[in-house]
$ cat my_file03.pdb   # PDB, C-alpha atoms
ATOM      1  CA  MET A   1      24.394   1.082   8.391
ATOM      2  CA  ARG A   2      20.842   0.021   9.134
ATOM      3  CA  ILE A   3      19.599   3.529   8.587
ATOM      4  CA  LYS A   4      21.463   3.788   5.290
ATOM      5  CA  GLU A   5      20.153   0.457   3.998
ATOM      6  CA  GLY A   6      16.658   1.242   5.225
ATOM      7  CA  ALA A   7      16.769   4.576   3.434
ATOM      8  CA  ALA A   8      18.026   2.924   0.244
ATOM      9  CA  ALA A   9      14.980   0.657   0.342
ATOM     10  CA  ALA A  10      12.536   3.417   1.266
ATOM     11  CA  TRP A  11      13.312   6.091  -1.310
ATOM     12  CA  PRO A  12      10.812   4.953  -3.975
ATOM     13  CA  ILE A  13       8.082   5.123  -1.315
ATOM     14  CA  CYS A  14       9.181   8.611  -0.285
ATOM     15  CA  LEU A  15       9.249   9.768  -3.893
ATOM     16  CA  GLY A  16       5.788   8.373  -4.467
ATOM     17  CA  TYR A  17       4.365   9.758  -1.224
ATOM     18  CA  PHE A  18       5.341  13.304  -2.064
ATOM     19  CA  PRO A  19       2.818  14.077  -4.832
ATOM     20  CA  ILE A  20       0.062  12.140  -3.059
ATOM     21  CA  GLY A  21       0.776  13.892   0.231
ATOM     22  CA  LEU A  22       0.796  17.282  -1.479
ATOM     23  CA  ALA A  23      -2.528  16.492  -3.164
ATOM     24  CA  LEU A  24      -4.045  15.451   0.156
ATOM     25  CA  GLY A  25      -2.756  18.642   1.787
ATOM     26  CA  VAL A  26      -4.292  20.793  -0.941
ATOM     27  CA  LEU A  27      -7.672  19.064  -0.607
ATOM     28  CA  ALA A  28      -7.567  19.316   3.177
ATOM     29  CA  GLN A  29      -6.724  23.006   3.023
ATOM     30  CA  LYS A  30      -9.629  23.607   0.618
ATOM     31  CA  ALA A  31     -11.873  21.673   3.020
ATOM     32  CA  GLY A  32     -10.900  24.116   5.750
ATOM     33  CA  LEU A  33      -8.508  21.964   7.775
ATOM     34  CA  PRO A  34      -5.647  23.953   9.317
ATOM     35  CA  TRP A  35      -2.097  22.688   8.758
ATOM     36  CA  TRP A  36      -1.734  21.460  12.338
ATOM     37  CA  ALA A  37      -4.858  19.304  11.969
ATOM     38  CA  VAL A  38      -3.321  17.693   8.880
ATOM     39  CA  ALA A  39      -0.070  17.097  10.790
ATOM     40  CA  MET A  40      -2.097  15.514  13.587
ATOM     41  CA  MET A  41      -4.003  13.316  11.140
ATOM     42  CA  SER A  42      -0.896  12.113   9.299
ATOM     43  CA  THR A  43       0.784  11.319  12.642
ATOM     44  CA  LEU A  44      -2.137   9.591  14.367
ATOM     45  CA  VAL A  45      -3.586   7.787  11.352
ATOM     46  CA  PHE A  46      -0.836   7.341   8.681
ATOM     47  CA  ALA A  47      -3.081   5.715   6.079
ATOM     48  CA  GLY A  48      -3.287   7.522   2.755
ATOM     49  CA  SER A  49      -6.539   6.328   1.266
ATOM     50  CA  ALA A  50      -8.436   6.588   4.570
ATOM     51  CA  GLN A  51      -7.189  10.170   4.959
ATOM     52  CA  PHE A  52      -8.481  11.122   1.495
ATOM     53  CA  ILE A  53     -11.835   9.586   2.342
ATOM     54  CA  CYS A  54     -11.884  11.419   5.690
ATOM     55  CA  VAL A  55     -11.374  14.800   3.986
ATOM     56  CA  ALA A  56     -14.096  14.016   1.425
ATOM     57  CA  MET A  57     -16.487  12.975   4.203
ATOM     58  CA  LEU A  58     -15.746  16.126   6.216
ATOM     59  CA  VAL A  59     -16.574  18.208   3.138
ATOM     60  CA  ALA A  60     -19.816  16.256   2.759
ATOM     61  CA  GLY A  61     -20.630  16.998   6.416
ATOM     62  CA  ALA A  62     -20.376  13.411   7.683
ATOM     63  CA  ALA A  63     -20.532  12.677  11.423
ATOM     64  CA  ILE A  64     -17.357  11.688  13.298
ATOM     65  CA  PRO A  65     -18.481   8.098  14.113
ATOM     66  CA  ALA A  66     -19.289   7.492  10.423
ATOM     67  CA  ILE A  67     -15.802   8.623   9.402
ATOM     68  CA  ILE A  68     -14.173   6.399  12.024
ATOM     69  CA  LEU A  69     -16.232   3.373  10.961
ATOM     70  CA  THR A  70     -15.354   3.926   7.297
ATOM     71  CA  THR A  71     -11.663   4.198   8.225
ATOM     72  CA  PHE A  72     -11.902   0.864  10.002
ATOM     73  CA  PHE A  73     -13.241  -0.916   6.922
ATOM     74  CA  VAL A  74     -10.848   0.783   4.513
ATOM     75  CA  ASN A  75      -7.840  -0.249   6.621
ATOM     76  CA  LEU A  76      -8.916  -3.805   7.426
ATOM     77  CA  ARG A  77      -6.724  -5.024   4.561
ATOM     78  CA  HIS A  78      -3.684  -4.408   6.746
ATOM     79  CA  THR A  79      -4.703  -7.392   8.925
ATOM     80  CA  LEU A  80      -3.656  -9.577   6.030
ATOM     81  CA  MET A  81      -0.327  -7.771   5.579
ATOM     82  CA  SER A  82       0.368  -7.904   9.301
ATOM     83  CA  SER A  83      -0.275 -11.672   9.272
ATOM     84  CA  ALA A  84       2.074 -12.213   6.330
ATOM     85  CA  LEU A  85       4.807 -10.197   8.080
ATOM     86  CA  ALA A  86       4.456 -12.369  11.202
ATOM     87  CA  VAL A  87       6.216 -15.209   9.359
ATOM     88  CA  TYR A  88       9.393 -13.091   9.196
ATOM     89  CA  LEU A  89       9.058 -11.341  12.553
ATOM     90  CA  SER A  90       8.523 -14.420  14.693
ATOM     91  CA  GLY A  91      10.016 -14.167  18.137
ATOM     92  CA  VAL A  92      10.679 -10.412  17.940
ATOM     93  CA  SER A  93       9.746  -8.637  21.178
ATOM     94  CA  ARG A  94       6.158  -7.467  21.528
ATOM     95  CA  LYS A  95       7.323  -3.930  22.359
ATOM     96  CA  PHE A  96       9.088  -3.726  19.020
ATOM     97  CA  LEU A  97       6.126  -5.201  17.167
ATOM     98  CA  ALA A  98       3.779  -2.679  18.802
ATOM     99  CA  LEU A  99       5.904   0.129  17.372
ATOM    100  CA  TYR A 100       6.443  -1.603  14.054
ATOM    101  CA  SER A 101       2.702  -2.153  13.476
ATOM    102  CA  TYR A 102       2.090   1.593  13.408
ATOM    103  CA  GLY A 103       3.961   1.880  10.115
ATOM    104  CA  ILE A 104       2.420  -1.026   8.180
ATOM    105  CA  THR A 105       1.066   0.519   4.980
ATOM    106  CA  ASP A 106       0.558  -0.987   1.511
ATOM    107  CA  GLU A 107       3.866   0.484   0.417
ATOM    108  CA  SER A 108       6.056  -0.367   3.420
ATOM    109  CA  PHE A 109       4.555  -3.859   3.469
ATOM    110  CA  ALA A 110       5.402  -4.390  -0.209
ATOM    111  CA  VAL A 111       8.996  -3.212   0.210
ATOM    112  CA  ASN A 112       9.718  -5.012   3.483
ATOM    113  CA  ILE A 113       8.104  -8.362   2.661
ATOM    114  CA  THR A 114      10.137  -8.519  -0.557
ATOM    115  CA  ARG A 115      13.378  -7.781   1.309
ATOM    116  CA  PHE A 116      12.547 -10.256   4.066
ATOM    117  CA  ARG A 117      11.949 -12.992   1.530
ATOM    118  CA  ASP A 118      15.286 -12.329  -0.159
ATOM    119  CA  GLY A 119      16.943 -12.706   3.231
ATOM    120  CA  ASN A 120      19.592 -10.146   4.212
ATOM    121  CA  TRP A 121      16.957  -7.989   5.908
ATOM    122  CA  ASP A 122      16.100  -7.525   9.571
ATOM    123  CA  HIS A 123      13.376  -5.921  11.638
ATOM    124  CA  TRP A 124      15.447  -2.817  12.404
ATOM    125  CA  ARG A 125      15.965  -2.031   8.729
ATOM    126  CA  ALA A 126      12.269  -2.654   8.146
ATOM    127  CA  LEU A 127      11.423  -0.230  10.947
ATOM    128  CA  VAL A 128      13.607   2.440   9.320
ATOM    129  CA  VAL A 129      11.598   2.002   6.094
ATOM    130  CA  ASN A 130       8.312   2.460   7.998
ATOM    131  CA  HIS A 131       9.386   5.574   9.824
ATOM    132  CA  LEU A 132      11.116   7.281   6.920
ATOM    133  CA  ALA A 133       7.956   6.792   4.873
ATOM    134  CA  ASN A 134       5.922   8.198   7.756
ATOM    135  CA  ALA A 135       8.182  11.241   8.144
ATOM    136  CA  VAL A 136       7.957  12.046   4.433
ATOM    137  CA  TRP A 137       4.201  11.526   4.527
ATOM    138  CA  ILE A 138       3.747  14.000   7.382
ATOM    139  CA  LEU A 139       6.064  16.503   5.707
ATOM    140  CA  ALA A 140       4.354  16.172   2.303
ATOM    141  CA  THR A 141       0.799  16.485   3.600
ATOM    142  CA  VAL A 142       1.620  19.538   5.738
ATOM    143  CA  THR A 143       3.545  21.118   2.847
ATOM    144  CA  GLY A 144       0.477  20.532   0.710
ATOM    145  CA  THR A 145      -1.733  22.596   3.011
ATOM    146  CA  LEU A 146       0.777  25.456   3.005
ATOM    147  CA  VAL A 147       2.060  25.712  -0.576
ATOM    148  CA  GLY A 148       0.342  22.858  -2.425
ATOM    149  CA  GLN A 149      -1.683  25.002  -4.790
ATOM    150  CA  PHE A 150       1.500  26.529  -6.220
ATOM    151  CA  VAL A 151       3.087  23.186  -7.153
ATOM    152  CA  PRO A 152       2.504  22.110 -10.794
ATOM    153  CA  GLN A 153       0.583  18.854 -11.159
ATOM    154  CA  GLY A 154       2.052  15.681 -12.601
ATOM    155  CA  ALA A 155       5.574  16.992 -13.260
ATOM    156  CA  PHE A 156       8.138  14.364 -14.399
ATOM    157  CA  GLY A 157       5.573  11.587 -14.184
ATOM    158  CA  ILE A 158       5.951  11.549 -10.411
ATOM    159  CA  ASP A 159       2.341  10.335 -10.096
ATOM    160  CA  TYR A 160       3.533   7.021 -11.501
ATOM    161  CA  ALA A 161       6.244   6.424  -8.882
ATOM    162  CA  LEU A 162       4.182   4.133  -6.644
ATOM    163  CA  THR A 163       2.682   2.239  -9.602
ATOM    164  CA  GLY A 164       6.193   1.638 -10.944
ATOM    165  CA  MET A 165       7.322   0.487  -7.505
ATOM    166  CA  PHE A 166       4.406  -1.950  -7.166
ATOM    167  CA  ILE A 167       5.080  -3.344 -10.663
ATOM    168  CA  CYS A 168       8.707  -4.059  -9.792
ATOM    169  CA  LEU A 169       7.911  -5.540  -6.370
ATOM    170  CA  LEU A 170       5.300  -7.746  -8.047
ATOM    171  CA  VAL A 171       7.995  -8.978 -10.442
ATOM    172  CA  PHE A 172      10.232  -9.809  -7.459
ATOM    173  CA  GLN A 173       7.441 -11.972  -6.039
ATOM    174  CA  LEU A 174       7.147 -14.110  -9.192
ATOM    175  CA  GLN A 175       9.487 -16.889  -8.100
ATOM    176  CA  GLY A 176       7.800 -19.858  -9.712
ATOM    177  CA  ARG A 177       4.728 -20.862 -11.634
ATOM    178  CA  ILE A 178       2.412 -20.952  -8.623
ATOM    179  CA  TYR A 179       3.153 -17.290  -7.852
ATOM    180  CA  ILE A 180       2.438 -16.251 -11.456
ATOM    181  CA  VAL A 181      -0.865 -18.140 -11.420
ATOM    182  CA  THR A 182      -1.835 -16.619  -8.053
ATOM    183  CA  GLY A 183      -0.924 -13.128  -9.277
ATOM    184  CA  LEU A 184      -2.971 -13.498 -12.469
ATOM    185  CA  LEU A 185      -5.928 -14.849 -10.500
ATOM    186  CA  ALA A 186      -5.726 -11.940  -8.045
ATOM    187  CA  ALA A 187      -5.615  -9.464 -10.944
ATOM    188  CA  ALA A 188      -8.683 -10.952 -12.634
ATOM    189  CA  ILE A 189     -10.692 -11.284  -9.420
ATOM    190  CA  SER A 190      -9.785  -7.796  -8.189
ATOM    191  CA  VAL A 191     -10.787  -6.109 -11.457
ATOM    192  CA  ALA A 192     -14.145  -7.921 -11.478
ATOM    193  CA  TRP A 193     -14.701  -7.309  -7.732
ATOM    194  CA  TYR A 194     -13.744  -3.630  -8.072
ATOM    195  CA  GLN A 195     -16.363  -3.147 -10.762
ATOM    196  CA  LEU A 196     -19.162  -5.097  -9.116
ATOM    197  CA  ILE A 197     -18.843  -4.201  -5.435
ATOM    198  CA  PRO A 198     -18.511  -0.611  -4.185
ATOM    199  CA  GLY A 199     -15.914   0.212  -1.534
ATOM    200  CA  ASP A 200     -12.449  -1.214  -0.941
ATOM    201  CA  SER A 201     -13.258  -4.846  -0.155
ATOM    202  CA  TYR A 202     -11.770  -5.859  -3.511
ATOM    203  CA  ILE A 203      -8.207  -5.800  -2.140
ATOM    204  CA  VAL A 204      -8.827  -8.204   0.732
ATOM    205  CA  GLY A 205     -11.428 -10.217  -1.181
ATOM    206  CA  ALA A 206      -9.330 -10.788  -4.271
ATOM    207  CA  SER A 207      -6.057 -11.479  -2.490
ATOM    208  CA  MET A 208      -7.593 -13.992  -0.057
ATOM    209  CA  SER A 209      -9.476 -15.812  -2.832
ATOM    210  CA  ALA A 210      -6.449 -15.923  -5.116
ATOM    211  CA  ALA A 211      -4.105 -17.099  -2.346
ATOM    212  CA  THR A 212      -6.596 -19.813  -1.379
ATOM    213  CA  CYS A 213      -6.882 -21.047  -4.995
ATOM    214  CA  GLY A 214      -3.107 -20.933  -5.307
ATOM    215  CA  TYR A 215      -2.708 -22.878  -2.065
ATOM    216  CA  PHE A 216      -4.978 -25.709  -3.227
ATOM    217  CA  LEU A 217      -3.286 -25.838  -6.630
ATOM    218  CA  LYS A 218       0.092 -26.109  -4.934
ATOM    219  CA  ARG A 219      -1.153 -28.840  -2.610
ATOM    220  CA  ARG A 220      -2.646 -30.851  -5.456
ATOM    221  CA  GLN A 221       0.657 -30.704  -7.299
ATOM    222  CA  ARG A 222       2.499 -31.887  -4.223
ATOM    223  CA  VAL A 223       0.104 -34.812  -3.724
ATOM    224  CA  ARG A 224       0.487 -35.888  -7.360
ATOM    225  CA  LYS A 225       4.243 -35.951  -7.058
TER
ATOM    226  CA  MET B   1     -14.061  22.168  14.146
ATOM    227  CA  THR B   2     -12.010  22.830  17.248
ATOM    228  CA  PHE B   3      -8.720  21.278  18.330
ATOM    229  CA  ILE B   4     -10.628  18.838  20.566
ATOM    230  CA  ASP B   5     -12.949  17.781  17.700
ATOM    231  CA  TYR B   6     -10.011  17.056  15.449
ATOM    232  CA  PHE B   7      -8.221  15.239  18.215
ATOM    233  CA  PHE B   8     -11.170  12.913  18.865
ATOM    234  CA  LEU B   9     -11.726  12.262  15.172
ATOM    235  CA  PHE B  10      -8.095  11.470  14.390
ATOM    236  CA  SER B  11      -7.545   9.458  17.582
ATOM    237  CA  GLY B  12     -10.556   7.345  16.700
ATOM    238  CA  MET B  13      -9.349   6.859  13.145
ATOM    239  CA  GLY B  14      -5.851   6.118  14.405
ATOM    240  CA  LEU B  15      -7.114   3.492  16.843
ATOM    241  CA  VAL B  16      -9.196   1.604  14.262
ATOM    242  CA  THR B  17      -6.238   1.757  11.869
ATOM    243  CA  TYR B  18      -3.674   0.604  14.423
ATOM    244  CA  VAL B  19      -5.524  -2.344  15.952
ATOM    245  CA  PRO B  20      -5.933  -4.357  12.696
ATOM    246  CA  ARG B  21      -2.273  -3.660  11.908
ATOM    247  CA  ALA B  22      -1.005  -4.755  15.316
ATOM    248  CA  LEU B  23      -3.184  -7.665  16.472
ATOM    249  CA  PRO B  24      -2.196 -10.311  13.881
ATOM    250  CA  LEU B  25       1.488  -9.507  14.272
ATOM    251  CA  LEU B  26       1.419  -9.461  18.083
ATOM    252  CA  TYR B  27      -0.487 -12.736  18.161
ATOM    253  CA  LEU B  28       1.060 -14.713  15.304
ATOM    254  CA  ALA B  29       4.707 -13.727  15.778
ATOM    255  CA  HIS B  30       4.848 -15.647  19.067
ATOM    256  CA  LYS B  31       3.103 -18.771  17.918
ATOM    257  CA  GLN B  32       4.276 -21.829  16.056
ATOM    258  CA  LEU B  33       2.363 -21.375  12.802
ATOM    259  CA  PRO B  34       0.878 -24.490  11.178
ATOM    260  CA  ARG B  35       2.365 -25.479   7.844
ATOM    261  CA  TRP B  36      -0.810 -24.727   5.836
ATOM    262  CA  LEU B  37      -0.966 -21.188   7.207
ATOM    263  CA  VAL B  38       2.665 -20.472   6.325
ATOM    264  CA  ASP B  39       2.069 -21.864   2.811
ATOM    265  CA  TRP B  40      -1.064 -19.746   2.428
ATOM    266  CA  LEU B  41       0.563 -16.578   3.785
ATOM    267  CA  ASP B  42       3.446 -17.178   1.388
ATOM    268  CA  LEU B  43       1.045 -16.480  -1.497
ATOM    269  CA  ILE B  44      -0.496 -13.368   0.100
ATOM    270  CA  PRO B  45       2.164 -10.800  -0.993
ATOM    271  CA  VAL B  46       1.917 -11.586  -4.700
ATOM    272  CA  ALA B  47      -1.883 -11.646  -4.452
ATOM    273  CA  ILE B  48      -2.071  -8.314  -2.589
ATOM    274  CA  LEU B  49       0.320  -6.549  -4.957
ATOM    275  CA  SER B  50      -1.631  -7.804  -7.920
ATOM    276  CA  ALA B  51      -4.981  -6.813  -6.374
ATOM    277  CA  LEU B  52      -3.675  -3.326  -5.546
ATOM    278  CA  LEU B  53      -2.361  -2.798  -9.079
ATOM    279  CA  ALA B  54      -4.805  -4.448 -11.467
ATOM    280  CA  PRO B  55      -7.907  -2.264 -10.924
ATOM    281  CA  SER B  56      -5.836   0.905 -11.387
ATOM    282  CA  LEU B  57      -4.509  -0.422 -14.706
ATOM    283  CA  PHE B  58      -7.706  -1.887 -16.161
ATOM    284  CA  SER B  59     -10.534   0.229 -14.741
ATOM    285  CA  ASP B  60     -11.782   3.760 -14.953
ATOM    286  CA  SER B  61     -11.657   5.060 -11.388
ATOM    287  CA  ALA B  62     -14.641   7.418 -11.720
ATOM    288  CA  THR B  63     -17.145   4.970 -13.187
ATOM    289  CA  ARG B  64     -15.501   1.745 -11.976
ATOM    290  CA  SER B  65     -15.934   0.156 -15.397
ATOM    291  CA  LEU B  66     -13.521  -1.877 -17.483
ATOM    292  CA  GLN B  67     -11.199   0.283 -19.526
ATOM    293  CA  LEU B  68      -8.482  -1.235 -21.678
ATOM    294  CA  GLY B  69      -5.711   0.869 -23.145
ATOM    295  CA  LYS B  70      -5.363   3.361 -20.273
ATOM    296  CA  PRO B  71      -1.993   5.172 -20.341
ATOM    297  CA  GLU B  72      -1.314   3.633 -16.904
ATOM    298  CA  PHE B  73      -1.618   0.190 -18.491
ATOM    299  CA  LEU B  74       0.303   1.000 -21.690
ATOM    300  CA  VAL B  75       3.183   2.363 -19.635
ATOM    301  CA  ALA B  76       3.009  -0.665 -17.326
ATOM    302  CA  ILE B  77       3.979  -3.074 -20.133
ATOM    303  CA  PRO B  78       7.471  -1.684 -20.902
ATOM    304  CA  THR B  79       7.915  -0.955 -17.170
ATOM    305  CA  LEU B  80       7.183  -4.606 -16.375
ATOM    306  CA  ILE B  81       9.595  -5.811 -19.050
ATOM    307  CA  PHE B  82      12.269  -3.473 -17.700
ATOM    308  CA  ALA B  83      11.704  -4.865 -14.188
ATOM    309  CA  LEU B  84      11.927  -8.468 -15.448
ATOM    310  CA  LYS B  85      15.170  -7.790 -17.350
ATOM    311  CA  THR B  86      17.028  -5.615 -14.845
ATOM    312  CA  ARG B  87      15.437  -6.542 -11.490
ATOM    313  CA  SER B  88      16.262  -3.001 -10.406
ATOM    314  CA  LEU B  89      13.677  -1.284  -8.211
ATOM    315  CA  GLY B  90      15.071   2.224  -8.555
ATOM    316  CA  GLY B  91      15.532   1.899 -12.310
ATOM    317  CA  THR B  92      12.001   0.579 -12.758
ATOM    318  CA  VAL B  93      10.499   3.453 -10.757
ATOM    319  CA  LEU B  94      12.408   6.033 -12.822
ATOM    320  CA  ILE B  95      11.645   4.363 -16.189
ATOM    321  CA  GLY B  96       7.960   4.136 -15.272
ATOM    322  CA  MET B  97       7.878   7.829 -14.342
ATOM    323  CA  LEU B  98       9.715   8.857 -17.519
ATOM    324  CA  LEU B  99       7.412   6.838 -19.783
ATOM    325  CA  TYR B 100       4.298   8.071 -17.975
ATOM    326  CA  TRP B 101       5.507  11.632 -18.312
ATOM    327  CA  LEU B 102       6.131  11.146 -22.055
ATOM    328  CA  ALA B 103       2.767   9.398 -22.440
ATOM    329  CA  GLY B 104       1.087  12.401 -20.836
ATOM    330  CA  MET B 105       2.637  14.671 -23.439
ATOM    331  CA  PHE B 106       1.797  12.551 -26.496
ATOM    332  CA  ILE B 107      -1.492  10.831 -25.653
TER
END
$ encode --input "my_file03.pdb" --output "structure tokens"
Amino acid sequence: MRIKEGAAAAWPICLGYFPIGLALGVLAQKAGLPWWAVAMMSTLVFAGSAQFICVAMLVAGAAIPAIILTTFFVNLRHTLMSSALAVYLSGVSRKFLALYSYGITDESFAVNITRFRDGNWDHWRALVVNHLANAVWILATVTGTLVGQFVPQGAFGIDYALTGMFICLLVFQLQGRIYIVTGLLAAAISVAWYQLIPGDSYIVGASMSAATCGYFLKRRQRVRK
Amino acid sequence: MTFIDYFFLFSGMGLVTYVPRALPLLYLAHKQLPRWLVDWLDLIPVAILSALLAPSLFSDSATRSLQLGKPEFLVAIPTLIFALKTRSLGGTVLIGMLLYWLAGMFI
């Protein structure tokens, strides 16, 4: 039952991961990485954007410490997601949380936090989402290194699967005026930040600033009442 | 690179990816969180989703400059309306893909 419900929640992620994983596999293969190295990377790291950057840096001849440091900064945004999940995973055993943390990605976070908020969701179902996404990710990236160059690009609009998923999950989060205001603020700040500051700090920067503004707006309203 | 080189590289990357994912959860899940933090964290999901999406809809990824009218954005409007009306995740994903596919053929 848990596996079935977890899978029902995870399928948009899996669908979206497939073209991205294939693309990563193709790039990695062109960069000279053997398939087993890609399998190792997708298992040990499981972080899409950092893996793309790693392949690009390997092609550019970057040193190993530089790649690791870059990975650290690119994936720092997950601290924020992990903190937000803590609200719903309070009191769960540390052993479970240690396993669960491995699978916190942008996509699994978005799906699980939405389900947790709606209620009717538990940490086991959330774990199924994480690990199904991970399994598909490993499979897709390895497949990409083996047969990726023979797969046609962009078929059936599959490149839009994750964007469509994020749009819908964003809609689910809009449960009152304060959430709409916070979302609009985050959009405006992130676009400006993205254009002005190189790197990936725009995700953490914009979401923390917008949430802080939203928090003070909410508090002011409460005081006035 | 040899097996050992790859292993060191990916273990290092894995470690610096895992620790930021695990520490907040391991620490915060066993603490009584203050009210302000819960209220603030409550706004984080909507903010993160918006910050992940907006630059991909309104900016050119190569030059990082403002670009209005990207197909990603044009498709996002009916997709968003569909999501608001139906509140169906699977339906929204499929509609978005279909429209993006059609947009690719006509634009």
$ resolve_selection --input "my_file03.pdb" --expression "the ChimeraX specification (/A :<7) & /B" --output "PyMOL selection string"
chain B and resi 6+9-14+16-18+20-22+24-26+28-30+39-41+43-44+46-52+54-55+64-65+79-80+83-84+89-90+92-93+96-98+100-101
$ residues_near_point --input "my_file03.pdb" --point "(-11.7, 19.5, 6.8)" --cutoff "7 Å" --atoms "all atoms listed in the file" --output "VMD selection string"
chain A and resid 28 31 to 33 55 58 to 59
$ write_last_selection --input "my_file03.pdb" --atoms "C-alpha atoms" --output "PDB file, keeping the file's coordinate frame"
ATOM      1  CA  ALA A  28      -7.567  19.316   3.177  1.00  0.00           C
ATOM      2  CA  ALA A  31     -11.873  21.673   3.020  1.00  0.00           C
ATOM      3  CA  GLY A  32     -10.900  24.116   5.750  1.00  0.00           C
ATOM      4  CA  LEU A  33      -8.508  21.964   7.775  1.00  0.00           C
ATOM      5  CA  VAL A  55     -11.374  14.800   3.986  1.00  0.00           C
ATOM      6  CA  LEU A  58     -15.746  16.126   6.216  1.00  0.00           C
ATOM      7  CA  VAL A  59     -16.574  18.208   3.138  1.00  0.00           C
TER       8      VAL A  59
END
$ atom_distance --input "my_file03.pdb" --atom1 "CA of Phe18 in chain A" --atom2 "CA of Ala140 in chain A"
5.3 Å
$ atom_distance --input "my_file03.pdb" --atom1 "CA of Ile138 in chain A" --atom2 "CA of Val26 in chain A"
13.4 Å
$ closest_residue --input "my_file03.pdb" --among "B:Pro45, B:Gly104, B:Ser61, B:Val75" --to "Gly199 in chain A" --atoms "only C-alpha atoms"
B:Ser61
$ resolve_selection --input "my_file03.pdb" --expression "the PyMOL selection byres ((chain B and resi 107) around 12)" --output "mmCIF file with C-alpha atoms, keeping the file's coordinate frame"
data_model
loop_
_atom_site.group_PDB
_atom_site.id
_atom_site.type_symbol
_atom_site.label_atom_id
_atom_site.label_comp_id
_atom_site.auth_asym_id
_atom_site.auth_seq_id
_atom_site.Cartn_x
_atom_site.Cartn_y
_atom_site.Cartn_z
ATOM 1 C CA GLY B 69 -5.711 0.869 -23.145
ATOM 2 C CA LYS B 70 -5.363 3.361 -20.273
ATOM 3 C CA PRO B 71 -1.993 5.172 -20.341
ATOM 4 C CA GLU B 72 -1.314 3.633 -16.904
ATOM 5 C CA LEU B 74 0.303 1.000 -21.690
ATOM 6 C CA VAL B 75 3.183 2.363 -19.635
ATOM 7 C CA LEU B 99 7.412 6.838 -19.783
ATOM 8 C CA TYR B 100 4.298 8.071 -17.975
ATOM 9 C CA TRP B 101 5.507 11.632 -18.312
ATOM 10 C CA LEU B 102 6.131 11.146 -22.055
ATOM 11 C CA ALA B 103 2.767 9.398 -22.440
ATOM 12 C CA GLY B 104 1.087 12.401 -20.836
ATOM 13 C CA MET B 105 2.637 14.671 -23.439
ATOM 14 C CA PHE B 106 1.797 12.551 -26.496
#
$ resolve_selection --input "my_file03.pdb" --expression "the PyMOL selection byres ((chain A and resi 23) around 9)" --output "list in words"
Phe18, Pro19, Ile20, Gly21, Leu22, Leu24, Gly25, Val26, Leu27, Ala28, Ala140, Thr141, Gly144, Thr145, Gly148, Gln149 and Gln153 of chain A
$ axis_aligned_box --input "my_file03.pdb" --around "range 52-63 of chain B" --padding-each-side "3 Å" --output "lines of an AutoDock Vina configuration file"
center_x = -9.8
center_y = 1.5
center_z = -10.9
size_x = 20.8
size_y = 17.9
size_z = 16.6
$ atom_distance --input "my_file03.pdb" --atom1 "CA of Ile77 in chain B" --atom2 "CA of Ser49 in chain A"
25.6 Å
